[in-house]
Every structure is written in structure tokens, then in C-alpha cells.
>>> print(open('start.cif').read())   # mmCIF, C-alpha atoms
data_work
#
loop_
_atom_site.label_atom_id
_atom_site.label_comp_id
_atom_site.auth_asym_id
_atom_site.auth_seq_id
_atom_site.Cartn_x
_atom_site.Cartn_y
_atom_site.Cartn_z
CA MET N 1 190.04 82.11 40.51
CA ALA N 2 191.25 83.36 37.12
CA LEU N 3 191.10 87.12 36.67
CA VAL N 4 191.59 88.18 33.05
CA LEU N 5 193.22 91.56 32.42
CA ILE N 6 192.20 92.47 28.89
CA ASP N 7 195.00 93.50 26.55
CA TYR N 8 193.50 95.57 23.73
CA HIS N 9 196.90 96.82 22.57
CA LYS N 10 196.52 100.36 23.95
CA GLY N 11 199.35 101.33 26.26
CA ASN N 12 201.27 99.70 29.07
CA ILE N 13 199.10 97.55 31.35
CA ARG N 14 201.90 96.07 33.44
CA SER N 15 201.36 98.41 36.37
CA VAL N 16 197.73 97.23 36.57
CA GLU N 17 198.88 93.61 36.36
CA ARG N 18 201.38 94.14 39.19
CA GLY N 19 198.76 95.91 41.30
CA LEU N 20 196.29 93.05 40.92
CA GLN N 21 198.96 90.45 41.64
CA ALA N 22 199.95 92.34 44.80
CA ALA N 23 196.27 92.20 45.78
CA GLY N 24 196.36 88.41 45.55
CA ALA N 25 194.82 87.85 42.13
CA ASP N 26 195.78 85.08 39.72
CA VAL N 27 196.10 87.38 36.69
CA VAL N 28 195.95 86.26 33.07
CA VAL N 29 196.72 88.96 30.47
CA SER N 30 194.94 88.15 27.22
CA ASP N 31 193.35 89.49 24.04
CA ASP N 32 191.60 86.17 23.34
CA PRO N 33 187.77 86.26 23.56
CA ALA N 34 187.71 82.58 24.54
CA VAL N 35 189.95 83.30 27.54
CA VAL N 36 187.66 86.17 28.56
CA ARG N 37 184.59 83.94 28.32
CA ALA N 38 186.27 81.41 30.61
CA ALA N 39 187.32 84.02 33.19
CA ASP N 40 186.00 84.28 36.72
CA ALA N 41 186.47 88.07 36.68
CA VAL N 42 187.48 90.71 34.13
CA VAL N 43 189.47 93.94 34.36
CA LEU N 44 189.46 96.42 31.48
CA PRO N 45 192.35 98.90 31.81
CA GLY N 46 192.44 102.28 30.17
CA VAL N 47 194.99 104.08 28.05
CA GLY N 48 194.11 105.72 24.73
CA ALA N 49 191.03 107.16 23.02
CA PHE N 50 187.49 105.79 23.25
CA SER N 51 186.86 105.35 19.53
CA ASP N 52 190.21 103.60 18.90
CA ALA N 53 189.71 101.25 21.85
CA SER N 54 186.13 100.52 20.78
CA ALA N 55 187.23 99.61 17.26
CA THR N 56 190.00 97.34 18.54
CA LEU N 57 187.67 95.57 20.99
CA ARG N 58 185.23 94.86 18.16
CA GLU N 59 187.95 93.69 15.78
CA LEU N 60 189.34 91.28 18.37
CA GLY N 61 185.90 89.95 19.29
CA LEU N 62 186.35 91.23 22.84
CA MET N 63 183.33 93.56 22.90
CA GLU N 64 180.83 90.70 22.79
CA ALA N 65 182.94 88.49 25.05
CA VAL N 66 182.96 91.15 27.79
CA ARG N 67 179.25 91.82 27.36
CA GLN N 68 178.56 88.11 27.73
CA LYS N 69 180.59 87.83 30.94
CA CYS N 70 178.89 90.89 32.40
CA ALA N 71 175.46 89.57 31.45
CA GLU N 72 176.36 86.41 33.38
CA GLY N 73 177.10 88.57 36.44
CA ALA N 74 180.89 88.14 36.49
CA PRO N 75 182.86 90.70 38.54
CA PHE N 76 184.21 93.50 36.34
CA LEU N 77 186.41 96.53 36.90
CA GLY N 78 186.95 99.24 34.29
CA ILE N 79 189.83 101.67 34.89
CA CYS N 80 189.85 105.19 33.36
CA LEU N 81 189.11 104.54 29.66
CA GLY N 82 187.91 101.09 30.75
CA MET N 83 185.26 102.88 32.83
CA HIS N 84 184.29 105.05 29.84
CA LEU N 85 183.81 101.95 27.73
CA MET N 86 181.15 100.71 30.17
CA PHE N 87 178.79 103.36 28.78
CA ALA N 88 176.65 103.31 25.63
CA GLY N 89 179.06 105.46 23.66
CA GLY N 90 181.85 108.02 23.66
CA GLU N 91 182.70 111.17 21.72
CA GLU N 92 186.50 110.95 21.95
CA HIS N 93 187.98 110.84 18.41
CA ALA N 94 184.50 110.05 17.02
CA PRO N 95 182.67 112.04 14.31
CA VAL N 96 180.48 114.84 15.66
CA GLY N 97 177.04 113.48 16.40
CA ALA N 98 178.15 109.85 15.96
CA PRO N 99 179.61 108.54 19.24
CA ALA N 100 181.73 105.39 19.13
CA GLU N 101 180.11 102.24 20.49
CA GLY N 102 180.63 101.25 24.11
CA LEU N 103 179.75 98.12 26.04
CA GLY N 104 176.37 99.52 27.01
CA LEU N 105 176.54 98.34 30.63
CA LEU N 106 175.41 101.84 31.67
CA PRO N 107 173.40 104.46 29.77
CA GLY N 108 174.79 107.71 28.43
CA ILE N 109 177.57 109.19 26.31
CA VAL N 110 181.07 110.01 27.55
CA GLY N 111 181.99 113.63 26.74
CA ARG N 112 184.83 116.10 27.20
CA VAL N 113 185.83 117.46 30.60
CA PRO N 114 184.57 121.08 30.78
CA ALA N 115 187.28 123.74 30.95
CA GLU N 116 185.21 126.25 32.92
CA ASP N 117 183.16 126.10 36.10
CA ALA N 118 179.70 127.63 36.55
CA ALA N 119 181.28 131.01 37.38
CA GLY N 120 183.39 131.03 34.21
CA ARG N 121 186.69 130.28 35.93
CA HIS N 122 189.12 128.34 33.76
CA TYR N 123 190.44 124.87 34.65
CA LYS N 124 193.20 122.91 32.94
CA VAL N 125 192.21 120.05 30.67
CA PRO N 126 193.33 117.30 30.77
CA HIS N 127 192.61 116.88 34.46
CA VAL N 128 195.88 115.45 35.78
CA GLY N 129 196.92 114.84 39.37
CA TRP N 130 195.54 113.93 42.76
CA ASN N 131 191.91 114.65 43.58
CA SER N 132 189.37 113.49 46.12
CA VAL N 133 186.55 111.01 45.63
CA GLU N 134 183.36 111.52 47.63
CA PRO N 135 180.60 108.91 47.89
CA ALA N 136 177.54 109.77 45.83
CA SER N 137 175.26 108.41 48.56
CA ASP N 138 175.30 108.34 52.34
CA SER N 139 174.07 104.74 52.19
CA PRO N 140 175.84 102.87 49.37
CA ASP N 141 174.64 99.41 48.42
CA GLU N 142 176.45 96.38 49.80
CA LEU N 143 178.65 95.80 46.75
CA THR N 144 179.79 99.42 46.49
CA ALA N 145 180.48 99.50 50.23
CA ALA N 146 182.63 96.38 49.81
CA LEU N 147 184.64 97.96 46.96
CA PHE N 148 185.41 101.03 49.08
CA ASP N 149 185.82 99.18 52.38
CA GLY N 150 188.59 100.76 54.45
CA ILE N 151 188.77 103.83 52.17
CA ARG N 152 187.64 107.04 53.84
CA PRO N 153 185.23 109.46 52.11
CA GLY N 154 187.22 112.19 50.38
CA GLU N 155 190.28 109.99 49.87
CA PHE N 156 192.67 111.17 47.16
CA PHE N 157 193.38 109.16 44.00
CA TYR N 158 195.45 109.86 40.89
CA PHE N 159 193.62 111.09 37.75
CA THR N 160 194.63 111.75 34.17
CA HIS N 161 191.83 112.26 31.64
CA SER N 162 190.26 114.70 29.17
CA PHE N 163 186.84 113.02 28.97
CA GLN N 164 184.34 112.11 31.66
CA ALA N 165 181.35 109.85 32.17
CA PRO N 166 177.80 111.18 32.26
CA ASP N 167 175.98 111.28 35.56
CA GLY N 168 173.29 108.66 36.00
CA PRO N 169 171.89 105.87 38.13
CA GLY N 170 175.23 104.07 38.19
CA THR N 171 177.18 106.93 39.82
CA VAL N 172 178.61 105.85 43.19
CA GLY N 173 181.51 108.31 43.58
CA VAL N 174 182.02 111.93 42.52
CA THR N 175 184.95 114.32 42.06
CA CYS N 176 185.08 118.01 41.22
CA HIS N 177 187.30 119.56 38.56
CA ALA N 178 185.59 122.65 37.16
CA ARG N 179 182.34 120.76 37.79
CA SER N 180 181.33 117.61 39.62
CA PHE N 181 181.63 114.41 37.58
CA PRO N 182 181.25 110.65 38.22
CA SER N 183 184.60 109.24 39.32
CA ALA N 184 183.24 105.80 40.28
CA VAL N 185 180.30 103.91 38.80
CA ALA N 186 178.60 100.57 39.34
CA VAL N 187 176.12 98.46 37.41
CA PRO N 188 173.15 98.25 39.80
CA GLY N 189 172.89 94.90 41.54
CA LYS N 190 176.08 93.46 40.03
CA PRO N 191 179.74 93.38 41.16
CA GLN N 192 180.68 95.47 38.13
CA PHE N 193 182.45 98.78 38.64
CA GLY N 194 184.35 101.53 36.90
CA VAL N 195 186.74 104.11 38.31
CA GLN N 196 187.95 107.23 36.53
CA PHE N 197 191.16 107.35 38.55
CA HIS N 198 194.08 104.94 38.30
CA PRO N 199 194.14 102.77 41.44
CA GLU N 200 197.43 101.21 40.35
CA LYS N 201 199.01 104.70 40.63
CA SER N 202 197.14 105.80 43.76
CA SER N 203 199.37 104.59 46.59
CA ASP N 204 197.77 102.83 49.57
CA ALA N 205 194.18 103.84 48.78
CA GLY N 206 194.45 102.48 45.25
CA ALA N 207 196.04 99.26 46.47
CA ARG N 208 193.20 98.84 48.97
CA LEU N 209 190.58 99.29 46.25
CA LEU N 210 192.24 96.65 44.06
CA GLN N 211 192.45 94.32 47.04
CA ASN N 212 188.75 94.90 47.76
CA PHE N 213 187.86 94.10 44.17
CA VAL N 214 189.92 90.91 44.22
CA THR N 215 188.20 89.92 47.47
CA LEU N 216 184.82 90.50 45.79
CA THR N 217 185.80 88.16 42.95
CA LYS N 218 186.45 85.39 45.43
#
>>> encode(input="start.cif", output="C-alpha cells")
Amino acid sequence: MALVLIDYHKGNIRSVERGLQAAGADVVVSDDPAVVRAADAVVLPGVGAFSDASATLRELGLMEAVRQKCAEGAPFLGICLGMHLMFAGGEEHAPVGAPAEGLGLLPGIVGRVPAEDAAGRHYKVPHVGWNSVEPASDSPDELTAALFDGIRPGEFFYFTHSFQAPDGPGTVGVTCHARSFPSAVAVPGKPQFGVQFHPEKSSDAGARLLQNFVTLTK
């Protein structure tokens, strides 16, 4: 099984590579669309801004390559910004009213993390540090249950982000910082997921999630 970790030239992806290798994956780091099209599974890491990453993915021909693999049903994991890119568009560093293009695997536009809760209390943005992830449903589907196998509800993971995904039919995990937001998503009926947190920086729980994803790819 060849798992391709996409290199779109935005930040250090070595910690993700090491995490996947520790989970038993045969990892290939590549920015070549042909390599992505030949992959058995794809991981899209996340460091940087939505609009910059979107432009680079298009320029490298990776946007269509990833869409093709996902349309074929290949396992996919988006991490942080990689999760954001699963959506139709994103506002980060984009002109007002003109969101940057996403992969379109899930509907909706990624927007800024709110700085106040419903009572007007102020919260720091970016949201950085450890926070809990609760399941969005008491009866998750089989694929989501497999991704979170062995991970207790309310487990803590490491976050660092200023933008968040919109709520929708793909939400499978939620976290609260000022307000509740999707911290894990899935494309319905497919082994394709996104997580807002960084599993490669989330100790044993993050390692277990990566191991579960690798198991799903096999």
C-alpha cells in the first residue's frame, strides 16, 4: 500500500511523515500529480493560509489529482488546513466576498474562528493548545467509528488555527472554543476524513488516530 503525503510547499511536513511511518504506512512524499493518481491513499497536511495553499495546489495540478482520487473512493485524511481544503471554499487571505477555491468534497465556506461566545466573553484567536473532541453523534457510521476506534469521547488533541470549518452533514466531531465548531469531518459513505487538530502532535491519542487511518487504508 502506497500512501502519498502531499507536499504543497507550505511548512514542515516531516512530523506528519514520521507519525504515519510509526503507524505502519509506506509513505511517499510528493508534489507530483501522477504520483497522487497512482496512490492507494492520500494525506493532505496543513500549514499556511487557505488561499495560498489553494493557488499552489492548482498550479501544481494537485487539486484535480486529489479530486480524482477522492471520486474513486480512495482513503483520504486532511489535517488542519488540509481539512479546510476539503470544503468548497475558504476566506483566509481571500478577497472579501470571493472565497478561494477548495476541493469541494464537502459543502460550505471556511471562516474565521469567532473571538466571542454567545454571552460576549472574549476568547483568544488563534485557538492554540489542547482541547477536547466530542463525537457529533451517539451512533457514528462504521467508517467514522473505525477512525476513532480506541479513542474515548472527550479525548484531548492539540489545536492551532484561526479559521474553522462550517457545520454541516459531514461533521463527525465537535470542539468548543468560544462556540462549538467541527473538529472532525467525513465525506458520507467514503473513507475520507478531515481533522482540525494535529494528530502528529497529539501524543498517544493522535498516534492512535493515525494508526486507525492507516488500518483503514489497508
>>> residues_around(input="start.cif", residues="stretch 87-96 of chain N", least_positions_apart="4", cutoff="9 Å", atoms="all atoms listed in the file", output="ChimeraX atom specification")
/N:49-52,83,100-112,162-163,165-166
>>> closest_atom_pairs(input="start.cif", of="stretch 17-124 of chain N", to="stretch 138-151 of chain N", cutoff="12 Å", atoms="all atoms listed in the file", output="tab-separated table")
residue	atom	partner	partner_atom	distance
N:Pro75	CA	N:Leu143	CA	10.5
N:Phe76	CA	N:Leu147	CA	11.5
N:Leu77	CA	N:Leu147	CA	10.3
>>> closest_residue(input="start.cif", among="N:Gly120, N:Pro199, N:Gly189, N:Pro169", to="N:Glu155", atoms="all atoms listed in the file")
N:Pro199
>>> closest_residue(input="start.cif", among="N:Lys124, N:Lys10, N:His84, N:Arg152", to="N:Leu209", atoms="only C-alpha atoms")
N:Arg152
>>> atom_distance(input="start.cif", atom1="atom CA of N:Glu134", atom2="atom CA of N:Gln192")
18.8 Å
>>> atom_distance(input="start.cif", atom1="atom CA of N:Val28", atom2="atom CA of N:Val195")
20.8 Å
>>> resolve_selection(input="start.cif", expression="the PyMOL selection byres ((chain N and resi 184) around 7)", output="PyMOL selection string")
chain N and resi 171-174+182-183+185+194-196
>>> resolve_selection(input="start.cif", expression="the PyMOL selection byres ((chain N and resi 81) around 7)", output="ChimeraX atom specification")
/N:45-47,50,79-80,82-85
